[in-house]
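J.: First, the structure itself, so that you have it in front of you.
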Number of protein chains: 2
Amino acid sequence: MFPKSFQKLIDHFASLPSVGPKMAERLVLHLWKYDQEKLDDFSQDLQGLKRNIHFCSQCFNISENGLCAICADKKREQNTICVVEEPLDIIALEKTRRMRGLYHVLGGTINAPDDKNNPLKINELITRLKSGNIEEVIIATNPTTEGEATALYLARLVRPLNIKITRLARGLPTGGDIEYADEATLSGAIEGRREL
Amino acid sequence: MFPKSFQKLIDHFASLPSVGPKMAERLVLHLWKYDQEKLDDFSQDLQGLKRNIHFCSQCFNISENGLCAICADKKREQNTICVVEEPLDIIALEKTRRMRGLYHVLGGTINAPDDKNNPLKINELITRLKSGNIEEVIIATNPTTEGEATALYLARLVRPLNIKITRLARGLPTGGDIEYADEATLSGAIEGRREL
């Protein structure tokens, strides 16, 4: 239905997560109205994406240099490591301003690694824990079946190292409504209840 | 929070319609895992988007050649022109296989042209109607306030030319539920009721 080159770009967009074929059509039609300069800029940034960004050699966060901005910051608490599934989790945690230590990006969960050719960075985590002066490991994998399984697996590996292991609390989300909370969330809130 | 070049690509995506900043982050992180060959292909198609696609010189649909595939097809009924707001409307109408004539893309509505520097193709429509052997103009602007206003405006321009003017029917969508239909839709369905 569309000219071939147009359809090809639609297919590129439609293969992205959360972009359906209908939305891809709309995006490409929108882009088509850009002036060429803006398109050039967009496409160059797209092409250079992998050239400029690497994994942090210590925590596997995304980084423009050998060490990411967090690992390179000597003011961060060097004795706490928060383990997350992916770099976007770091962004969310950093926004809270409550996490003052370092991070470690696993690259998915034990059942579902983000990239099949790239195993989870578990050995690298253990090496960091053994070599450093780490006092606490905060396991911040997602509160899903896969995330829980990964947390339990990591806890078993870390426990012999005699390092404190914590997991982010499960409970009712702020602004939530008990009436509409799902069973698993409510169970977590009851189990994790705290004295006032 | 993100490396600069990463953030710049996120901003490109976030400026697209229906893509929020959160989704843009996710898209860029997904793209970052592409191999370079696939990124090159995507970015080249993006850069070449305007090079290969033009407006059809007759109906202003998108086209790889001077005339779009529909205008170039001599088997289409040459005496009917369906007027739409934008090229994506043609795709939707063509899927019904009920439209056998030609099209004319306005490029928006009289209140909201798609591109402020590019006036609606109304003069071009009138020229086509005057020069050709056109028997019917089907006005298929959207069933919105802007689309209705545009339809009425066009009808007033076309009427002196002594050409039949029709408008797509308003009514209940197939699979819809009268109980949940909004007032305007239900009013349209009552006004447009047909004898059985």
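Each chain of the structure tokens is named A, B, ... in the order shown, its residues numbered from 1; ligands are numbered from 1 in display order.
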With only C-alpha atoms as the counted atoms, please give the residues lying no more than 9 Å from stretch 117-120 of chain A, apart from itself and same-chain residues fewer than 6 positions off, as a PDB file with N, CA, C and O atoms, in the first residue's frame.
T.:
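File written: around.pdb
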```pdb
ATOM      1  N   VAL A 105      24.509  -3.667  37.371  1.00  0.00           N
ATOM      2  CA  VAL A 105      23.453  -4.016  36.422  1.00  0.00           C
ATOM      3  C   VAL A 105      23.635  -5.467  35.969  1.00  0.00           C
ATOM      4  O   VAL A 105      24.660  -5.813  35.369  1.00  0.00           O
ATOM      5  N   LEU A 106      22.639  -6.302  36.254  1.00  0.00           N
ATOM      6  CA  LEU A 106      22.729  -7.721  35.891  1.00  0.00           C
ATOM      7  C   LEU A 106      22.556  -7.952  34.393  1.00  0.00           C
ATOM      8  O   LEU A 106      23.198  -8.820  33.812  1.00  0.00           O
ATOM      9  N   GLY A 107      21.672  -7.169  33.781  1.00  0.00           N
ATOM     10  CA  GLY A 107      21.336  -7.399  32.375  1.00  0.00           C
ATOM     11  C   GLY A 107      20.204  -8.397  32.229  1.00  0.00           C
ATOM     12  O   GLY A 107      20.253  -9.273  31.366  1.00  0.00           O
ATOM     13  N   GLY A 108      19.158  -8.263  33.070  1.00  0.00           N
ATOM     14  CA  GLY A 108      18.002  -9.155  32.988  1.00  0.00           C
ATOM     15  C   GLY A 108      17.863 -10.009  34.234  1.00  0.00           C
ATOM     16  O   GLY A 108      18.384  -9.668  35.295  1.00  0.00           O
ATOM     17  N   THR A 109      17.141 -11.114  34.086  1.00  0.00           N
ATOM     18  CA  THR A 109      16.939 -12.040  35.198  1.00  0.00           C
ATOM     19  C   THR A 109      17.469 -13.419  34.818  1.00  0.00           C
ATOM     20  O   THR A 109      17.749 -13.659  33.632  1.00  0.00           O
ATOM     21  N   ILE A 110      17.564 -14.304  35.797  1.00  0.00           N
ATOM     22  CA  ILE A 110      18.152 -15.612  35.488  1.00  0.00           C
ATOM     23  C   ILE A 110      17.323 -16.383  34.456  1.00  0.00           C
ATOM     24  O   ILE A 110      17.856 -17.135  33.668  1.00  0.00           O
TER      25      ILE A 110
END
```
J.: Residues of chain A within 9 Å of chain B, counting only C-alpha atoms, what are they? List them as an MDAnalysis selection string.
T.: chainID A and resid 1:6 8:9 12:13 16:18 23 25:36 39:53 62:64 68:69 87:88 91 94 115
J.: If we count only C-alpha atoms and set the cut-off at 7 Å, which residues sit around stretch 132-138 of chain B, ignoring sequence neighbours fewer than 2 positions away in its own chain? Please answer as a PyMOL selection string.
T.: chain B and resi 79-83+128-130+140+163-167
J.: Any chance you could export the current selection's all heavy atoms as an mmCIF file, in the first residue's frame?
T.:
```
data_model
loop_
_atom_site.group_PDB
_atom_site.id
_atom_site.type_symbol
_atom_site.label_atom_id
_atom_site.label_comp_id
_atom_site.auth_asym_id
_atom_site.auth_seq_id
_atom_site.Cartn_x
_atom_site.Cartn_y
_atom_site.Cartn_z
ATOM 1 N N ASN B 79 -14.072 8.994 -12.568
ATOM 2 C CA ASN B 79 -15.097 10.036 -12.410
ATOM 3 C C ASN B 79 -15.530 10.251 -10.957
ATOM 4 O O ASN B 79 -16.491 10.947 -10.697
ATOM 5 C CB ASN B 79 -16.313 9.717 -13.294
ATOM 6 C CG ASN B 79 -16.862 8.332 -12.997
ATOM 7 O OD1 ASN B 79 -16.372 7.657 -12.085
ATOM 8 N ND2 ASN B 79 -17.867 7.907 -13.750
ATOM 9 N N THR B 80 -14.826 9.611 -10.012
ATOM 10 C CA THR B 80 -15.144 9.798 -8.599
ATOM 11 C C THR B 80 -13.885 10.230 -7.854
ATOM 12 O O THR B 80 -12.828 9.612 -8.024
ATOM 13 C CB THR B 80 -15.649 8.479 -7.973
ATOM 14 O OG1 THR B 80 -16.652 7.941 -8.819
ATOM 15 C CG2 THR B 80 -16.205 8.709 -6.585
ATOM 16 N N ILE B 81 -13.998 11.252 -7.037
ATOM 17 C CA ILE B 81 -12.861 11.674 -6.217
ATOM 18 C C ILE B 81 -13.291 11.670 -4.754
ATOM 19 O O ILE B 81 -14.316 12.260 -4.404
ATOM 20 C CB ILE B 81 -12.380 13.088 -6.601
ATOM 21 C CG1 ILE B 81 -11.725 13.066 -7.991
ATOM 22 C CG2 ILE B 81 -11.364 13.615 -5.567
ATOM 23 C CD1 ILE B 81 -11.165 14.407 -8.422
ATOM 24 N N CYS B 82 -12.517 10.966 -3.933
ATOM 25 C CA CYS B 82 -12.782 10.927 -2.509
ATOM 26 C C CYS B 82 -11.798 11.876 -1.818
ATOM 27 O O CYS B 82 -10.587 11.718 -1.943
ATOM 28 C CB CYS B 82 -12.612 9.503 -1.998
ATOM 29 S SG CYS B 82 -12.792 9.381 -0.231
ATOM 30 N N VAL B 83 -12.300 12.857 -1.090
ATOM 31 C CA VAL B 83 -11.446 13.873 -0.464
ATOM 32 C C VAL B 83 -11.155 13.468 0.980
ATOM 33 O O VAL B 83 -12.080 13.243 1.767
ATOM 34 C CB VAL B 83 -12.141 15.247 -0.491
ATOM 35 C CG1 VAL B 83 -11.251 16.306 0.168
ATOM 36 C CG2 VAL B 83 -12.480 15.639 -1.915
ATOM 37 N N ARG B 128 -9.036 20.297 -10.363
ATOM 38 C CA ARG B 128 -9.281 18.927 -10.850
ATOM 39 C C ARG B 128 -10.749 18.747 -11.223
ATOM 40 O O ARG B 128 -11.068 18.111 -12.239
ATOM 41 C CB ARG B 128 -8.946 17.894 -9.756
ATOM 42 C CG ARG B 128 -7.487 17.537 -9.656
ATOM 43 C CD ARG B 128 -7.255 16.501 -8.560
ATOM 44 N NE ARG B 128 -7.546 15.144 -9.008
ATOM 45 C CZ ARG B 128 -7.498 14.076 -8.196
ATOM 46 N NH1 ARG B 128 -7.200 14.231 -6.908
ATOM 47 N NH2 ARG B 128 -7.760 12.877 -8.675
ATOM 48 N N LEU B 129 -11.631 19.274 -10.374
ATOM 49 C CA LEU B 129 -13.061 19.084 -10.605
ATOM 50 C C LEU B 129 -13.511 19.797 -11.874
ATOM 51 O O LEU B 129 -14.327 19.287 -12.634
ATOM 52 C CB LEU B 129 -13.864 19.609 -9.413
ATOM 53 C CG LEU B 129 -13.651 18.880 -8.088
ATOM 54 C CD1 LEU B 129 -14.511 19.479 -6.993
ATOM 55 C CD2 LEU B 129 -13.944 17.386 -8.227
ATOM 56 N N LYS B 130 -12.921 20.974 -12.123
ATOM 57 C CA LYS B 130 -13.315 21.760 -13.305
ATOM 58 C C LYS B 130 -12.793 21.143 -14.599
ATOM 59 O O LYS B 130 -13.431 21.188 -15.630
ATOM 60 C CB LYS B 130 -12.773 23.190 -13.178
ATOM 61 C CG LYS B 130 -13.641 24.057 -12.266
ATOM 62 C CD LYS B 130 -13.100 25.473 -12.215
ATOM 63 C CE LYS B 130 -14.005 26.375 -11.373
ATOM 64 N NZ LYS B 130 -13.300 27.602 -10.950
ATOM 65 N N ALA B 140 -14.626 12.702 2.672
ATOM 66 C CA ALA B 140 -14.300 11.747 3.731
ATOM 67 C C ALA B 140 -13.358 12.382 4.742
ATOM 68 O O ALA B 140 -12.386 11.770 5.180
ATOM 69 C CB ALA B 140 -13.690 10.478 3.138
ATOM 70 N N ILE B 163 -21.736 19.091 -9.482
ATOM 71 C CA ILE B 163 -21.204 17.739 -9.292
ATOM 72 C C ILE B 163 -21.862 17.175 -8.045
ATOM 73 O O ILE B 163 -22.085 17.912 -7.076
ATOM 74 C CB ILE B 163 -19.668 17.792 -9.103
ATOM 75 C CG1 ILE B 163 -18.987 18.269 -10.381
ATOM 76 C CG2 ILE B 163 -19.119 16.421 -8.686
ATOM 77 C CD1 ILE B 163 -17.497 18.534 -10.223
ATOM 78 N N LYS B 164 -22.227 15.884 -8.076
ATOM 79 C CA LYS B 164 -22.840 15.249 -6.910
ATOM 80 C C LYS B 164 -21.844 15.261 -5.738
ATOM 81 O O LYS B 164 -20.682 14.897 -5.899
ATOM 82 C CB LYS B 164 -23.192 13.805 -7.282
ATOM 83 C CG LYS B 164 -23.962 13.042 -6.232
ATOM 84 C CD LYS B 164 -24.357 11.674 -6.836
ATOM 85 C CE LYS B 164 -24.840 10.716 -5.774
ATOM 86 N NZ LYS B 164 -25.021 9.361 -6.351
ATOM 87 N N ILE B 165 -22.312 15.689 -4.569
ATOM 88 C CA ILE B 165 -21.445 15.726 -3.385
ATOM 89 C C ILE B 165 -22.015 14.788 -2.335
ATOM 90 O O ILE B 165 -23.190 14.913 -1.967
ATOM 91 C CB ILE B 165 -21.397 17.138 -2.761
ATOM 92 C CG1 ILE B 165 -21.152 18.190 -3.835
ATOM 93 C CG2 ILE B 165 -20.306 17.215 -1.689
ATOM 94 C CD1 ILE B 165 -21.486 19.592 -3.360
ATOM 95 N N THR B 166 -21.212 13.855 -1.855
ATOM 96 C CA THR B 166 -21.682 12.972 -0.779
ATOM 97 C C THR B 166 -20.697 13.037 0.385
ATOM 98 O O THR B 166 -19.565 13.493 0.246
ATOM 99 C CB THR B 166 -21.797 11.506 -1.249
ATOM 100 O OG1 THR B 166 -20.524 11.096 -1.751
ATOM 101 C CG2 THR B 166 -22.844 11.340 -2.336
ATOM 102 N N ARG B 167 -21.167 12.553 1.545
ATOM 103 C CA ARG B 167 -20.326 12.554 2.742
ATOM 104 C C ARG B 167 -20.454 11.162 3.348
ATOM 105 O O ARG B 167 -21.539 10.572 3.327
ATOM 106 C CB ARG B 167 -20.865 13.633 3.711
ATOM 107 C CG ARG B 167 -20.207 13.686 5.069
ATOM 108 C CD ARG B 167 -19.415 14.957 5.238
ATOM 109 N NE ARG B 167 -18.824 15.062 6.580
ATOM 110 C CZ ARG B 167 -17.658 14.540 6.922
ATOM 111 N NH1 ARG B 167 -16.958 13.861 6.026
ATOM 112 N NH2 ARG B 167 -17.183 14.690 8.139
#
```
J.: Just list as a PyMOL selection string whatever in stretch 48-192 of chain A DSSP marks as helix (DSSP H, G or I).
T.: chain A and resi 49-52+69-72+87-95+122-131+145-161+178-180+183-191
J.: Separation of atom CA of A:Arg100 and atom CA of A:Phe60, in Å?
T.: 17.5 Å
J.: How many Å separate atom CA of B:Lys116 from atom CA of B:Phe55?
T.: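 Atom-to-atom, atom CA of B:Lys116 and atom CA of B:Phe55 are spaced 16.5 Å apart.
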J.: Could you please determine the separation between atom CA of A:Arg194 and atom CA of A:Asp182 in Å, to one decimal place?
T.: 19.9 Å
J.: Give the strand (DSSP E or B) residues of stretch 69-176 of chain A, as DSSP finds them on the backbone, and put them as a list in words.
T.: Thr80, Ile81, Cys82, Val83, Val84, Leu102, Tyr103, His104, Val105, Gly108, Pro113, Glu136, Val137, Ile138, Ile139, Ala140, Lys164, Ile165, Thr166 and Arg167 of chain A
J.: Since we have the selection now, will you write its residues out, keeping N, CA and C atoms, as a short mmCIF file (atom, residue, chain, number, x, y, z; two decimals), in the first residue's frame?
T.:
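Result went into again.cif, see below:
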```cif
data_model
loop_
_atom_site.label_atom_id
_atom_site.label_comp_id
_atom_site.auth_asym_id
_atom_site.auth_seq_id
_atom_site.Cartn_x
_atom_site.Cartn_y
_atom_site.Cartn_z
N THR A 80 28.23 0.11 49.63
CA THR A 80 26.89 -0.40 49.35
C THR A 80 26.73 -0.59 47.84
N ILE A 81 26.24 -1.76 47.45
CA ILE A 81 25.97 -2.00 46.03
C ILE A 81 24.51 -2.38 45.87
N CYS A 82 23.82 -1.67 44.99
CA CYS A 82 22.43 -1.98 44.70
C CYS A 82 22.38 -2.73 43.37
N VAL A 83 21.81 -3.94 43.37
CA VAL A 83 21.79 -4.78 42.17
C VAL A 83 20.47 -4.60 41.44
N VAL A 84 20.53 -4.19 40.17
CA VAL A 84 19.31 -3.97 39.38
C VAL A 84 19.34 -4.81 38.10
N LEU A 102 26.71 2.46 45.25
CA LEU A 102 27.00 2.12 43.87
C LEU A 102 25.93 1.15 43.35
N TYR A 103 26.03 0.83 42.07
CA TYR A 103 25.07 -0.08 41.45
C TYR A 103 25.78 -1.26 40.81
N HIS A 104 24.97 -2.24 40.42
CA HIS A 104 25.47 -3.32 39.58
C HIS A 104 24.32 -3.78 38.68
N VAL A 105 24.51 -3.67 37.37
CA VAL A 105 23.45 -4.02 36.42
C VAL A 105 23.64 -5.47 35.97
N GLY A 108 19.16 -8.26 33.07
CA GLY A 108 18.00 -9.16 32.99
C GLY A 108 17.86 -10.01 34.23
N PRO A 113 17.44 -13.38 30.42
CA PRO A 113 18.47 -12.36 30.21
C PRO A 113 18.07 -11.45 29.04
N GLU A 136 26.91 -3.88 52.39
CA GLU A 136 25.51 -4.22 52.13
C GLU A 136 25.25 -4.37 50.64
N VAL A 137 24.50 -5.42 50.31
CA VAL A 137 24.03 -5.60 48.93
C VAL A 137 22.52 -5.43 48.95
N ILE A 138 22.01 -4.41 48.23
CA ILE A 138 20.57 -4.19 48.15
C ILE A 138 20.09 -4.82 46.84
N ILE A 139 19.26 -5.84 46.94
CA ILE A 139 18.80 -6.49 45.72
C ILE A 139 17.53 -5.81 45.25
N ALA A 140 17.61 -5.12 44.10
CA ALA A 140 16.49 -4.34 43.58
C ALA A 140 16.04 -4.87 42.23
N LYS A 164 25.80 -8.14 54.45
CA LYS A 164 24.37 -7.92 54.69
C LYS A 164 23.63 -7.88 53.34
N ILE A 165 22.53 -8.64 53.25
CA ILE A 165 21.75 -8.66 52.00
C ILE A 165 20.36 -8.12 52.30
N THR A 166 19.92 -7.11 51.57
CA THR A 166 18.56 -6.61 51.75
C THR A 166 17.83 -6.63 50.41
N ARG A 167 16.51 -6.53 50.51
CA ARG A 167 15.68 -6.52 49.29
C ARG A 167 14.71 -5.35 49.45
#
```
